[in-house]
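Worksheet: one structure, shown below.
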2 protein chains.
Amino acid sequence: MDIETVNSLSYEEFIELFGGVVERCPLAAAAVWSRRPFGCVSDVEAGIGEFIDSLSESGKEGLVRCHPDLAGRELASGTLTAESQREQEGAGLASLQAEEAAQIAGLNREYKQRFGFPFVICARTSDKAAILQQLQQRLRNLRSQELLHAVQEIKKICHLRLQDLLHRAPPKL
Amino acid sequence: MDIETVNSLSYEEFIELFGGVVERCPLAAAAVWSRRPFGCVSDVEAGIGEFIDSLSESGKEGLVRCHPDLAGRELASGTLTAESQREQEGAGLASLQAEEAAQIAGLNREYKQRFGFPFVICARTSDKAAILQQLQQRLRNLRSQELLHAVQEIKKICHLRLQDLLHRAPPKL
């Protein structure tokens, strides 16, 4: 999809297309539409990054809370967003051994108890061994460090979701 | 629902329950969870108001863009959120005469063309005659005035949605 196509979208079309690049937060795309016309496709990503950075601290925490657990109940029940489902399956989280699943579930619980938001990692640039190792390591961080870390991961996830959308054929709207 | 019940909710439960009080913006509830424990139920509303006020100008525009058209295609096709469906039906927008429907559709188009976001009004404190009159009148406003106005309407909608939730029986979660 070229930038002319992106710039020609109505806000409804733009939100429909890009509303899922930040998990459960169509507001990010809806806000970024204000920046049209975009000079190039990376301006869309830059705009979303600025939107995220402009959120208050509790807003950023909220953004992290809009993410599902890794290898959690929603993966098992198929109620994740389509994007999260693909990403978690791709990292091997849908086919864990019982012991691995129990270990990740326990660490997720501990992480949420400690920080008040879920562990977020860009699953597509990781695998289950690395995820487990990161979960154990990041549990020891300060809350403020972890919030920054989670926001960086959200930006990585957003980057890859945007790449998928921008490199496919233009939408039929 | 009393405040002890609200304060006892996990963030997942809180987002599930309050995630729709701002249209298509679970982020608002997710952010406000950071403020627990709440002293009283009106603290939840105050927190959401502060979240909205803390958004950048394009963030506020995005918030407005996450709202559907009044008496638009989504009302006809039944694809509105449950909250919006009830509110628009309650204001008589589901049973417009063809001429009224055409007039509102035309004014909505003009409004969106002029401001880059949809006309938002708290339908529950209005009716179709007042909505039509407001739409015609607000079309003449400056964009900056209209953004402020739309944000105020979003807060009124949020207030009534919160009242519905807080005055019903506690959720079975």
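Scheme for the structure tokens: letters A, B, ... for chains in order shown; per-chain residue numbers from 1; ligand numbers from 1 in order shown.
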List as a Markdown table every residue of chain A that is in contact with chain B, defined as an atom at most 9 Å from one of its atoms (using only C-alpha atoms), together with the nearest atom pair and the distance in Å rounded to one decimal, sorted by chain and then rising number.
```
| residue | atom | partner | partner_atom | distance |
| --- | --- | --- | --- | --- |
| A:Ser10 | CA | B:Gly116 | CA | 8.9 |
| A:Tyr11 | CA | B:Arg65 | CA | 7.3 |
| A:Glu12 | CA | B:Arg65 | CA | 7.8 |
| A:Ile15 | CA | B:Cys66 | CA | 8.2 |
| A:Arg24 | CA | B:Pro26 | CA | 7.3 |
| A:Cys25 | CA | B:Cys25 | CA | 6.6 |
| A:Pro26 | CA | B:Arg24 | CA | 7.3 |
| A:Leu27 | CA | B:Gly62 | CA | 5.5 |
| A:Ala28 | CA | B:Gly62 | CA | 7.3 |
| A:Ala29 | CA | B:Gly62 | CA | 7.5 |
| A:Ala30 | CA | B:Gly62 | CA | 4.2 |
| A:Ala31 | CA | B:Gly62 | CA | 3.8 |
| A:Val32 | CA | B:Ser58 | CA | 7.0 |
| A:Trp33 | CA | B:Gly62 | CA | 7.7 |
| A:Ser34 | CA | B:Ser58 | CA | 6.0 |
| A:Arg35 | CA | B:Ser58 | CA | 8.2 |
| A:Phe51 | CA | B:Gly59 | CA | 7.1 |
| A:Ser54 | CA | B:Ser56 | CA | 6.8 |
| A:Leu55 | CA | B:Leu55 | CA | 6.5 |
| A:Ser56 | CA | B:Ser54 | CA | 6.8 |
| A:Glu57 | CA | B:Ala31 | CA | 8.6 |
| A:Ser58 | CA | B:Ala31 | CA | 5.0 |
| A:Gly59 | CA | B:Ala31 | CA | 4.8 |
| A:Lys60 | CA | B:Ala31 | CA | 7.3 |
| A:Glu61 | CA | B:Ala31 | CA | 6.1 |
| A:Gly62 | CA | B:Ala31 | CA | 3.8 |
| A:Leu63 | CA | B:Leu27 | CA | 6.0 |
| A:Val64 | CA | B:Ala30 | CA | 8.5 |
| A:Arg65 | CA | B:Ala30 | CA | 6.0 |
| A:Cys66 | CA | B:Leu27 | CA | 6.7 |
| A:Gly116 | CA | B:Tyr11 | CA | 7.6 |
| A:Phe117 | CA | B:Tyr11 | CA | 7.8 |
```
Just want the 12 Å neighbourhood of His159 (chain A), counted on only C-alpha atoms, with same-chain residues fewer than 6 positions away dropped. Output as a PDB file with all heavy atoms, in the first residue's frame.
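Saved as part_23.pdb:
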```pdb
ATOM      1  N   PHE A  18      -6.196   0.341  10.601  1.00  0.00           N
ATOM      2  CA  PHE A  18      -5.045   0.435  11.506  1.00  0.00           C
ATOM      3  C   PHE A  18      -5.438   0.370  12.994  1.00  0.00           C
ATOM      4  O   PHE A  18      -4.575   0.481  13.863  1.00  0.00           O
ATOM      5  CB  PHE A  18      -4.277   1.743  11.251  1.00  0.00           C
ATOM      6  CG  PHE A  18      -3.629   1.806   9.901  1.00  0.00           C
ATOM      7  CD1 PHE A  18      -4.127   2.631   8.904  1.00  0.00           C
ATOM      8  CD2 PHE A  18      -2.531   1.008   9.609  1.00  0.00           C
ATOM      9  CE1 PHE A  18      -3.542   2.681   7.645  1.00  0.00           C
ATOM     10  CE2 PHE A  18      -1.932   1.045   8.360  1.00  0.00           C
ATOM     11  CZ  PHE A  18      -2.443   1.882   7.373  1.00  0.00           C
ATOM     12  N   GLY A  20      -6.091  -1.903  14.952  1.00  0.00           N
ATOM     13  CA  GLY A  20      -5.579  -3.007  15.760  1.00  0.00           C
ATOM     14  C   GLY A  20      -4.063  -3.023  15.898  1.00  0.00           C
ATOM     15  O   GLY A  20      -3.515  -3.966  16.489  1.00  0.00           O
ATOM     16  N   VAL A  21      -3.366  -2.009  15.405  1.00  0.00           N
ATOM     17  CA  VAL A  21      -1.890  -2.064  15.484  1.00  0.00           C
ATOM     18  C   VAL A  21      -1.409  -1.851  16.917  1.00  0.00           C
ATOM     19  O   VAL A  21      -0.320  -2.289  17.282  1.00  0.00           O
ATOM     20  CB  VAL A  21      -1.186  -1.093  14.505  1.00  0.00           C
ATOM     21  CG1 VAL A  21      -1.521  -1.456  13.063  1.00  0.00           C
ATOM     22  CG2 VAL A  21      -1.493   0.354  14.807  1.00  0.00           C
ATOM     23  N   VAL A  22      -2.221  -1.172  17.720  1.00  0.00           N
ATOM     24  CA  VAL A  22      -1.985  -1.149  19.168  1.00  0.00           C
ATOM     25  C   VAL A  22      -3.150  -1.933  19.778  1.00  0.00           C
ATOM     26  O   VAL A  22      -4.313  -1.636  19.509  1.00  0.00           O
ATOM     27  CB  VAL A  22      -1.938   0.285  19.733  1.00  0.00           C
ATOM     28  CG1 VAL A  22      -1.686   0.244  21.246  1.00  0.00           C
ATOM     29  CG2 VAL A  22      -0.849   1.099  19.046  1.00  0.00           C
ATOM     30  N   VAL A  41       5.112   6.177   4.659  1.00  0.00           N
ATOM     31  CA  VAL A  41       4.403   5.252   5.536  1.00  0.00           C
ATOM     32  C   VAL A  41       4.985   5.244   6.956  1.00  0.00           C
ATOM     33  O   VAL A  41       4.259   5.009   7.916  1.00  0.00           O
ATOM     34  CB  VAL A  41       4.351   3.814   4.950  1.00  0.00           C
ATOM     35  CG1 VAL A  41       3.425   3.769   3.746  1.00  0.00           C
ATOM     36  CG2 VAL A  41       5.718   3.294   4.618  1.00  0.00           C
ATOM     37  N   SER A  42       6.274   5.542   7.084  1.00  0.00           N
ATOM     38  CA  SER A  42       6.836   5.504   8.439  1.00  0.00           C
ATOM     39  C   SER A  42       6.314   6.648   9.305  1.00  0.00           C
ATOM     40  O   SER A  42       6.425   6.609  10.529  1.00  0.00           O
ATOM     41  CB  SER A  42       8.362   5.490   8.411  1.00  0.00           C
ATOM     42  OG  SER A  42       8.828   6.659   7.808  1.00  0.00           O
ATOM     43  N   ASP A  43       5.709   7.665   8.669  1.00  0.00           N
ATOM     44  CA  ASP A  43       5.082   8.740   9.460  1.00  0.00           C
ATOM     45  C   ASP A  43       3.901   8.218  10.288  1.00  0.00           C
ATOM     46  O   ASP A  43       3.601   8.778  11.339  1.00  0.00           O
ATOM     47  CB  ASP A  43       4.557   9.860   8.547  1.00  0.00           C
ATOM     48  CG  ASP A  43       5.678  10.737   8.004  1.00  0.00           C
ATOM     49  OD1 ASP A  43       6.834  10.526   8.412  1.00  0.00           O
ATOM     50  OD2 ASP A  43       5.382  11.618   7.180  1.00  0.00           O
ATOM     51  N   VAL A  44       3.235   7.189   9.772  1.00  0.00           N
ATOM     52  CA  VAL A  44       2.108   6.623  10.528  1.00  0.00           C
ATOM     53  C   VAL A  44       2.641   6.037  11.836  1.00  0.00           C
ATOM     54  O   VAL A  44       2.122   6.301  12.924  1.00  0.00           O
ATOM     55  CB  VAL A  44       1.374   5.528   9.706  1.00  0.00           C
ATOM     56  CG1 VAL A  44       0.226   4.935  10.517  1.00  0.00           C
ATOM     57  CG2 VAL A  44       0.859   6.094   8.381  1.00  0.00           C
ATOM     58  N   GLU A  45       3.732   5.274  11.713  1.00  0.00           N
ATOM     59  CA  GLU A  45       4.328   4.674  12.906  1.00  0.00           C
ATOM     60  C   GLU A  45       4.856   5.749  13.858  1.00  0.00           C
ATOM     61  O   GLU A  45       4.661   5.653  15.082  1.00  0.00           O
ATOM     62  CB  GLU A  45       5.456   3.724  12.506  1.00  0.00           C
ATOM     63  CG  GLU A  45       6.058   3.039  13.704  1.00  0.00           C
ATOM     64  CD  GLU A  45       7.103   1.993  13.329  1.00  0.00           C
ATOM     65  OE1 GLU A  45       7.212   1.651  12.124  1.00  0.00           O
ATOM     66  OE2 GLU A  45       7.805   1.521  14.225  1.00  0.00           O
ATOM     67  N   ALA A  46       5.499   6.758  13.302  1.00  0.00           N
ATOM     68  CA  ALA A  46       6.028   7.831  14.156  1.00  0.00           C
ATOM     69  C   ALA A  46       4.890   8.515  14.919  1.00  0.00           C
ATOM     70  O   ALA A  46       5.016   8.837  16.098  1.00  0.00           O
ATOM     71  CB  ALA A  46       6.784   8.846  13.297  1.00  0.00           C
ATOM     72  N   GLY A  47       3.775   8.717  14.234  1.00  0.00           N
ATOM     73  CA  GLY A  47       2.622   9.356  14.873  1.00  0.00           C
ATOM     74  C   GLY A  47       2.070   8.514  16.011  1.00  0.00           C
ATOM     75  O   GLY A  47       1.715   9.041  17.075  1.00  0.00           O
ATOM     76  N   ILE A  48       2.022   7.211  15.789  1.00  0.00           N
ATOM     77  CA  ILE A  48       1.514   6.339  16.855  1.00  0.00           C
ATOM     78  C   ILE A  48       2.481   6.346  18.037  1.00  0.00           C
ATOM     79  O   ILE A  48       2.062   6.387  19.204  1.00  0.00           O
ATOM     80  CB  ILE A  48       1.243   4.920  16.322  1.00  0.00           C
ATOM     81  CG1 ILE A  48       0.024   4.990  15.383  1.00  0.00           C
ATOM     82  CG2 ILE A  48       0.994   3.929  17.464  1.00  0.00           C
ATOM     83  CD1 ILE A  48      -0.390   3.693  14.765  1.00  0.00           C
ATOM     84  N   GLY A  49       3.774   6.344  17.738  1.00  0.00           N
ATOM     85  CA  GLY A  49       4.766   6.439  18.812  1.00  0.00           C
ATOM     86  C   GLY A  49       4.586   7.725  19.625  1.00  0.00           C
ATOM     87  O   GLY A  49       4.638   7.707  20.859  1.00  0.00           O
ATOM     88  N   CYS A 122       7.216  -8.572  22.634  1.00  0.00           N
ATOM     89  CA  CYS A 122       6.953  -8.764  21.210  1.00  0.00           C
ATOM     90  C   CYS A 122       7.251 -10.225  20.871  1.00  0.00           C
ATOM     91  O   CYS A 122       8.408 -10.605  20.680  1.00  0.00           O
ATOM     92  CB  CYS A 122       7.826  -7.807  20.399  1.00  0.00           C
ATOM     93  SG  CYS A 122       7.637  -8.006  18.625  1.00  0.00           S
ATOM     94  N   ARG A 124       6.799 -12.025  18.331  1.00  0.00           N
ATOM     95  CA  ARG A 124       7.300 -12.381  17.000  1.00  0.00           C
ATOM     96  C   ARG A 124       8.801 -12.280  16.884  1.00  0.00           C
ATOM     97  O   ARG A 124       9.391 -12.818  15.948  1.00  0.00           O
ATOM     98  CB  ARG A 124       6.645 -11.499  15.940  1.00  0.00           C
ATOM     99  CG  ARG A 124       5.275 -12.024  15.580  1.00  0.00           C
ATOM    100  CD  ARG A 124       4.499 -11.015  14.798  1.00  0.00           C
ATOM    101  NE  ARG A 124       4.971 -10.875  13.433  1.00  0.00           N
ATOM    102  CZ  ARG A 124       4.390 -10.046  12.553  1.00  0.00           C
ATOM    103  NH1 ARG A 124       3.355  -9.316  12.924  1.00  0.00           N
ATOM    104  NH2 ARG A 124       4.851  -9.961  11.326  1.00  0.00           N
ATOM    105  N   THR A 125       9.437 -11.544  17.770  1.00  0.00           N
ATOM    106  CA  THR A 125      10.905 -11.482  17.717  1.00  0.00           C
ATOM    107  C   THR A 125      11.479 -12.323  18.861  1.00  0.00           C
ATOM    108  O   THR A 125      12.596 -12.090  19.315  1.00  0.00           O
ATOM    109  CB  THR A 125      11.401 -10.024  17.838  1.00  0.00           C
ATOM    110  OG1 THR A 125      10.829  -9.438  19.007  1.00  0.00           O
ATOM    111  CG2 THR A 125      11.003  -9.215  16.634  1.00  0.00           C
ATOM    112  N   GLN A 152       8.035  -0.007  25.226  1.00  0.00           N
ATOM    113  CA  GLN A 152       8.922  -0.288  24.092  1.00  0.00           C
ATOM    114  C   GLN A 152       8.480  -1.539  23.345  1.00  0.00           C
ATOM    115  O   GLN A 152       8.518  -1.590  22.108  1.00  0.00           O
ATOM    116  CB  GLN A 152      10.380  -0.474  24.573  1.00  0.00           C
ATOM    117  CG  GLN A 152      11.055   0.798  25.036  1.00  0.00           C
ATOM    118  CD  GLN A 152      10.947   1.939  24.033  1.00  0.00           C
ATOM    119  OE1 GLN A 152      11.145   1.753  22.828  1.00  0.00           O
ATOM    120  NE2 GLN A 152      10.587   3.114  24.507  1.00  0.00           N
ATOM    121  N   GLU A 153       8.063  -2.554  24.074  1.00  0.00           N
ATOM    122  CA  GLU A 153       7.597  -3.792  23.430  1.00  0.00           C
ATOM    123  C   GLU A 153       6.324  -3.525  22.622  1.00  0.00           C
ATOM    124  O   GLU A 153       6.143  -4.056  21.526  1.00  0.00           O
ATOM    125  CB  GLU A 153       7.349  -4.879  24.478  1.00  0.00           C
ATOM    126  CG  GLU A 153       8.605  -5.346  25.220  1.00  0.00           C
ATOM    127  CD  GLU A 153       9.630  -6.035  24.313  1.00  0.00           C
ATOM    128  OE1 GLU A 153       9.232  -6.815  23.428  1.00  0.00           O
ATOM    129  OE2 GLU A 153      10.843  -5.782  24.498  1.00  0.00           O
ATOM    130  N   LEU A 165       0.444  -4.631   7.398  1.00  0.00           N
ATOM    131  CA  LEU A 165      -0.651  -3.935   6.724  1.00  0.00           C
ATOM    132  C   LEU A 165      -0.161  -3.128   5.533  1.00  0.00           C
ATOM    133  O   LEU A 165      -0.797  -3.101   4.473  1.00  0.00           O
ATOM    134  CB  LEU A 165      -1.347  -2.981   7.704  1.00  0.00           C
ATOM    135  CG  LEU A 165      -2.194  -3.658   8.770  1.00  0.00           C
ATOM    136  CD1 LEU A 165      -2.610  -2.656   9.836  1.00  0.00           C
ATOM    137  CD2 LEU A 165      -3.424  -4.291   8.124  1.00  0.00           C
ATOM    138  N   LEU A 166       1.002  -2.491   5.697  1.00  0.00           N
ATOM    139  CA  LEU A 166       1.462  -1.573   4.659  1.00  0.00           C
ATOM    140  C   LEU A 166       2.063  -2.318   3.469  1.00  0.00           C
ATOM    141  O   LEU A 166       2.108  -1.785   2.373  1.00  0.00           O
ATOM    142  CB  LEU A 166       2.475  -0.578   5.251  1.00  0.00           C
ATOM    143  CG  LEU A 166       1.862   0.394   6.263  1.00  0.00           C
ATOM    144  CD1 LEU A 166       2.944   1.149   7.022  1.00  0.00           C
ATOM    145  CD2 LEU A 166       0.921   1.382   5.564  1.00  0.00           C
TER     146      LEU A 166
END
```
From the set A:His167, A:Arg86, A:Arg140, A:Lys155, which residue has the shortest atom-to-atom contact distance to Val6 (chain A), counting only C-alpha atoms?
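Of all the options, A:His167 lies closest to Val6 (chain A).
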I need the residues of region 64-169 of chain A that end up classed as helix (DSSP H, G or I) by DSSP on the backbone, written out as a PyMOL selection string.
chain A and resi 64-65+73-77+82-90+93-95+98-115+123-125+128-138+143-166
Provide the CA of Leu93 (chain A) to CA of Ala71 (chain A) distance in Å, to one decimal place.
5.5 Å
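The gap separating CA of Asp53 (chain A) from CA of Gln145 (chain A) is 14.9 Å, in Å to one decimal.
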Could you check how far CA of Ala123 (chain B) sits from CA of Asn108 (chain B), in Å to one decimal?
14.8 Å
Mind checking which residues fall within 12 Å of Gly92 (chain A), counting only C-alpha atoms, ignoring those fewer than 6 positions away in the same chain, and posting them as a ChimeraX atom specification?
/A:70-71,75,85-86,100-101,123-132
